[in-house]
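J.: Dropping in entry35.txt, which is compact mmCIF, C-alpha atoms:
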```
# COMPACT_ATOMS: atom_id res chain seq x y z
CA MET A 556 2.11 10.55 4.70
CA ASP A 557 4.52 10.31 7.61
CA LEU A 558 3.56 8.64 10.86
CA GLU A 559 4.28 11.85 12.74
CA ASP A 560 1.77 13.67 10.52
CA ALA A 561 -0.89 11.14 11.52
CA GLY A 562 -0.13 11.64 15.22
CA SER A 563 1.39 8.20 15.78
CA LYS A 564 4.90 6.91 16.25
CA ALA A 565 6.58 3.65 15.25
CA ARG A 566 7.69 1.58 18.21
CA PHE A 567 9.48 -1.23 16.38
CA LEU A 568 11.41 -1.75 13.16
CA ILE A 569 11.29 -5.41 12.16
CA ARG A 570 14.04 -6.52 9.82
CA ASP A 571 15.61 -9.77 8.73
CA ARG A 572 19.14 -10.92 9.44
CA ASP A 573 20.59 -10.11 6.05
CA SER A 574 24.30 -9.24 6.06
CA ARG A 575 23.53 -5.99 4.19
CA PHE A 576 22.13 -4.54 7.42
CA THR A 577 25.12 -3.43 9.46
CA GLN A 578 25.33 -1.90 12.92
CA VAL A 579 25.30 1.52 11.28
CA PHE A 580 21.90 0.70 9.77
CA ASP A 581 20.54 -0.20 13.22
CA ALA A 582 21.89 3.03 14.73
CA VAL A 583 19.83 5.29 12.43
CA PRO A 584 16.35 4.20 13.58
CA ALA A 585 17.56 3.89 17.17
CA ASP A 586 18.17 7.65 17.20
CA ALA A 587 14.63 8.25 15.88
CA GLY A 588 13.02 6.14 18.59
CA PRO A 589 11.89 2.72 17.29
CA GLU A 590 13.51 -0.40 18.63
CA VAL A 591 15.10 -2.69 16.01
CA VAL A 592 13.73 -6.24 16.23
CA LEU A 593 15.35 -9.03 14.24
CA SER A 594 13.18 -11.68 12.60
CA GLY A 595 13.70 -15.27 13.57
CA ILE A 596 16.35 -17.45 11.97
CA ARG A 597 15.00 -19.32 8.92
CA MET A 598 11.49 -17.91 9.40
CA PRO A 599 10.55 -16.36 6.03
CA TRP A 600 6.86 -15.96 6.94
CA MET A 601 7.62 -13.71 9.90
CA ASN A 602 7.84 -10.61 7.71
CA SER A 603 5.51 -11.81 4.94
CA ILE A 604 2.96 -8.96 5.12
CA MET A 605 5.58 -6.29 4.53
CA GLU A 606 7.27 -8.37 1.84
CA ARG A 607 3.93 -8.65 0.03
CA TRP A 608 3.31 -4.88 0.30
CA ILE A 609 6.75 -4.10 -1.17
CA GLN A 610 6.18 -6.59 -4.00
CA THR A 611 2.77 -5.03 -4.81
CA CYS A 612 4.22 -1.51 -4.68
CA ARG A 613 6.98 -2.43 -7.09
CA ARG A 614 4.79 -4.39 -9.48
CA ASP A 615 1.80 -2.05 -9.78
CA PRO A 616 3.02 1.56 -9.91
CA LEU A 617 6.81 1.55 -9.92
CA ASP A 618 7.53 -0.97 -12.67
CA HIS A 619 5.43 1.08 -15.11
CA THR A 620 6.53 4.62 -14.32
CA LEU A 621 9.76 6.53 -14.58
CA SER A 622 10.57 8.67 -11.56
CA TRP A 623 12.92 11.53 -12.33
CA ASN A 624 13.41 12.58 -8.71
CA GLN A 625 12.40 11.80 -5.16
CA CYS A 626 9.40 14.14 -5.30
CA ARG A 627 7.91 12.22 -8.26
CA LEU A 628 8.63 8.88 -6.59
CA LEU A 629 6.90 9.93 -3.37
CA ASP A 630 3.94 11.26 -5.35
CA ALA A 631 3.60 7.91 -7.14
CA LEU A 632 3.77 6.01 -3.83
CA ARG A 633 1.21 8.29 -2.16
CA THR A 634 -1.15 7.92 -5.12
CA PHE A 635 -0.81 4.13 -4.99
CA GLU A 636 -1.29 4.09 -1.21
CA SER A 637 -4.50 6.11 -1.54
CA LEU A 638 -5.80 3.85 -4.31
CA HIS A 639 -4.84 0.70 -2.39
CA ASN A 640 -6.51 1.78 0.88
CA ARG A 641 -9.54 3.71 -0.37
CA HIS A 642 -10.57 2.07 -3.62
CA ARG A 643 -9.00 -1.31 -4.40
CA PRO A 644 -11.00 -4.33 -3.19
CA HIS A 645 -9.24 -6.81 -0.91
CA ARG A 646 -10.18 -10.49 -0.74
CA ALA A 647 -9.51 -10.71 2.99
CA LEU A 648 -12.06 -7.93 3.59
CA SER A 649 -14.84 -9.48 1.46
CA GLN A 650 -14.04 -7.19 -1.47
CA ALA A 651 -14.05 -4.00 0.63
CA ALA A 652 -11.21 -1.53 0.80
CA PRO A 653 -9.56 -0.97 4.20
CA LEU A 654 -10.77 2.65 4.48
CA ARG A 655 -14.13 2.19 2.70
CA SER A 656 -17.15 0.11 3.63
CA LEU A 657 -18.82 -2.36 1.30
CA PRO A 658 -21.32 -0.91 -1.18
CA LYS A 659 -24.97 -1.92 -0.98
CA PRO A 660 -25.55 -5.22 -2.79
CA ILE A 661 -27.54 -5.18 -6.03
CA THR A 662 -30.65 -7.24 -5.35
CA GLU A 663 -32.77 -6.33 -8.35
CA PRO A 664 -31.78 -8.11 -11.59
CA GLY A 665 -32.74 -5.10 -13.72
CA GLN A 666 -30.23 -2.88 -11.92
CA THR A 667 -27.26 -4.62 -13.48
CA THR A 668 -28.33 -3.71 -17.02
CA ARG A 669 -28.36 0.01 -16.19
CA LEU A 670 -24.90 0.16 -14.62
CA LYS A 671 -22.72 2.92 -16.03
CA LEU A 672 -19.12 3.02 -14.98
CA ARG A 673 -16.59 5.80 -15.25
CA ARG A 674 -12.89 5.18 -15.26
CA ARG A 675 -10.45 7.62 -13.71
CA ASP A 676 -6.84 7.19 -14.72
CA ARG A 677 -4.18 7.65 -12.06
CA LEU A 678 -0.42 7.97 -12.53
CA GLY A 679 -0.73 8.75 -16.23
CA GLY A 680 -2.98 5.77 -16.96
CA THR A 681 -0.94 3.17 -15.09
CA LEU A 682 -3.60 2.72 -12.40
CA HIS A 683 -7.37 2.98 -12.86
CA GLU A 684 -10.27 3.74 -10.54
CA TYR A 685 -13.80 2.72 -11.51
CA HIS A 686 -16.89 4.48 -10.13
CA HIS A 687 -20.61 4.27 -10.81
CA ALA A 688 -21.74 7.22 -12.91
CA ALA A 689 -24.66 9.06 -11.38
```
Could you express the structure from this file as structure tokens?
T.:
Amino acid sequence: MDLEDAGSKARFLIRDRDSRFTQVFDAVPADAGPEVVLSGIRMPWMNSIMERWIQTCRRDPLDHTLSWNQCRLLDALRTFESLHNRHRPHRALSQAAPLRSLPKPITEPGQTTRLKLRRRDRLGGTLHEYHHAA
């Protein structure tokens, strides 16, 4: 999903000071609107959230699938994004997903013996979603 599709626009592009990023690289986003902001010198934690997201994206879906073209790659990334934001529990959110609230806690001990789970495979079985069966 593009930011323009969601009705929002990026204001800044934060990047590090790697020599691979030339002035030509900075000119491309400048034409689209966002301002290029350089991270601080010798400050690896400044861009840590995005670094972690890229690492998770590579490790979970992309290292286990073969993308024949850009369409397949974008489909895999959209599927992972949906799973990551709507289903996968996050420790920082007390095991909730960013776009889903916490389920009701199980207070009755007998309820745990009757739990039935269904698994839904995503990306050809690379990723899995688990749901309570009704």
J.: Which residues of segment 621-675 of chain A come within 12 Å of segment 606-611 of chain A, and for each one, what is the closest pair of atoms and their distance in Å to one decimal, counting only C-alpha atoms, sorted by chain and residue number, as JSON lines?
T.:
```
{"residue": "A:Leu632", "atom": "CA", "partner": "A:Ile609", "partner_atom": "CA", "distance": 10.9}
{"residue": "A:Phe635", "atom": "CA", "partner": "A:Thr611", "partner_atom": "CA", "distance": 9.8}
{"residue": "A:Glu636", "atom": "CA", "partner": "A:Trp608", "partner_atom": "CA", "distance": 10.2}
{"residue": "A:His639", "atom": "CA", "partner": "A:Thr611", "partner_atom": "CA", "distance": 9.8}
{"residue": "A:Asn640", "atom": "CA", "partner": "A:Trp608", "partner_atom": "CA", "distance": 11.9}
```
J.: Limited to C-alpha atoms, could you put the picked residues into a file as an mmCIF file, keeping the file's coordinate frame?
T.:
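See selection_8.cif below for the written result:
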```
data_model
loop_
_atom_site.group_PDB
_atom_site.id
_atom_site.type_symbol
_atom_site.label_atom_id
_atom_site.label_comp_id
_atom_site.auth_asym_id
_atom_site.auth_seq_id
_atom_site.Cartn_x
_atom_site.Cartn_y
_atom_site.Cartn_z
ATOM 1 C CA LEU A 632 3.770 6.010 -3.830
ATOM 2 C CA PHE A 635 -0.810 4.130 -4.990
ATOM 3 C CA GLU A 636 -1.290 4.090 -1.210
ATOM 4 C CA HIS A 639 -4.840 0.700 -2.390
ATOM 5 C CA ASN A 640 -6.510 1.780 0.880
#
```
J.: What does the distance between atom CA of Arg655 of chain A and atom CA of Asn602 of chain A come to in Å, to one decimal place?
T.: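 Pair atom CA of Arg655 of chain A / atom CA of Asn602 of chain A returns 25.9 Å.
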J.: Compare A:Asp581, A:Asp676, A:Asp630, A:Asp571 by their minimum atom-to-atom distance to Met598 of chain A, counting all atoms listed in the file, and give me the closest one.
T.: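 Smallest separation from Met598 of chain A among the options: A:Asp571.
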J.: Measuring between all atoms listed in the file, which one of A:Arg677, A:His683, A:Arg643, A:Arg572 shows the shortest distance to Leu593 of chain A?
T.: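 Checking each of A:Arg677, A:His683, A:Arg643, A:Arg572 against Leu593 of chain A, counting all atoms listed in the file, the winner is A:Arg572.
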J.: Please list as a list of chain:residue names every residue within 10 Å of Ile569 of chain A, counting all atoms listed in the file and excluding residues in the same chain fewer than 6 positions away.
T.: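 Residues meeting the cut-off are A:Pro589, A:Glu590, A:Val591, A:Val592, A:Leu593, A:Ser594, A:Met601, A:Asn602, A:Met605.
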J.: Residues of the last selection are to be written out with C-alpha atoms, as a short mmCIF file (atom, residue, chain, number, x, y, z; two decimals), in the coordinates of the input.
T.:
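See selection.cif below for the written result:
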```
data_model
loop_
_atom_site.label_atom_id
_atom_site.label_comp_id
_atom_site.auth_asym_id
_atom_site.auth_seq_id
_atom_site.Cartn_x
_atom_site.Cartn_y
_atom_site.Cartn_z
CA PRO A 589 11.89 2.72 17.29
CA GLU A 590 13.51 -0.40 18.63
CA VAL A 591 15.10 -2.69 16.01
CA VAL A 592 13.73 -6.24 16.23
CA LEU A 593 15.35 -9.03 14.24
CA SER A 594 13.18 -11.68 12.60
CA MET A 601 7.62 -13.71 9.90
CA ASN A 602 7.84 -10.61 7.71
CA MET A 605 5.58 -6.29 4.53
#
```
J.: Could you please determine the separation between atom CA of Ser563 of chain A and atom CA of Trp600 of chain A in Å, to one decimal place?
T.: 26.3 Å
J.: I'd like the contact shell of Leu682 of chain A - 12 Å cut-off, all atoms listed in the file, skipping same-chain residues fewer than 2 positions apart - returned as a PDB file with C-alpha atoms, in the frame of the given file.
T.:
```
ATOM      1  CA  CYS A 612       4.220  -1.510  -4.680  1.00  0.00           C
ATOM      2  CA  ARG A 614       4.790  -4.390  -9.480  1.00  0.00           C
ATOM      3  CA  ASP A 615       1.800  -2.050  -9.780  1.00  0.00           C
ATOM      4  CA  PRO A 616       3.020   1.560  -9.910  1.00  0.00           C
ATOM      5  CA  LEU A 617       6.810   1.550  -9.920  1.00  0.00           C
ATOM      6  CA  ASP A 618       7.530  -0.970 -12.670  1.00  0.00           C
ATOM      7  CA  HIS A 619       5.430   1.080 -15.110  1.00  0.00           C
ATOM      8  CA  THR A 620       6.530   4.620 -14.320  1.00  0.00           C
ATOM      9  CA  ALA A 631       3.600   7.910  -7.140  1.00  0.00           C
ATOM     10  CA  LEU A 632       3.770   6.010  -3.830  1.00  0.00           C
ATOM     11  CA  THR A 634      -1.150   7.920  -5.120  1.00  0.00           C
ATOM     12  CA  PHE A 635      -0.810   4.130  -4.990  1.00  0.00           C
ATOM     13  CA  GLU A 636      -1.290   4.090  -1.210  1.00  0.00           C
ATOM     14  CA  SER A 637      -4.500   6.110  -1.540  1.00  0.00           C
ATOM     15  CA  LEU A 638      -5.800   3.850  -4.310  1.00  0.00           C
ATOM     16  CA  HIS A 639      -4.840   0.700  -2.390  1.00  0.00           C
ATOM     17  CA  HIS A 642     -10.570   2.070  -3.620  1.00  0.00           C
ATOM     18  CA  ARG A 643      -9.000  -1.310  -4.400  1.00  0.00           C
ATOM     19  CA  ARG A 674     -12.890   5.180 -15.260  1.00  0.00           C
ATOM     20  CA  ARG A 675     -10.450   7.620 -13.710  1.00  0.00           C
ATOM     21  CA  ASP A 676      -6.840   7.190 -14.720  1.00  0.00           C
ATOM     22  CA  ARG A 677      -4.180   7.650 -12.060  1.00  0.00           C
ATOM     23  CA  LEU A 678      -0.420   7.970 -12.530  1.00  0.00           C
ATOM     24  CA  GLY A 679      -0.730   8.750 -16.230  1.00  0.00           C
ATOM     25  CA  GLY A 680      -2.980   5.770 -16.960  1.00  0.00           C
ATOM     26  CA  GLU A 684     -10.270   3.740 -10.540  1.00  0.00           C
ATOM     27  CA  TYR A 685     -13.800   2.720 -11.510  1.00  0.00           C
TER      28      TYR A 685
END
```
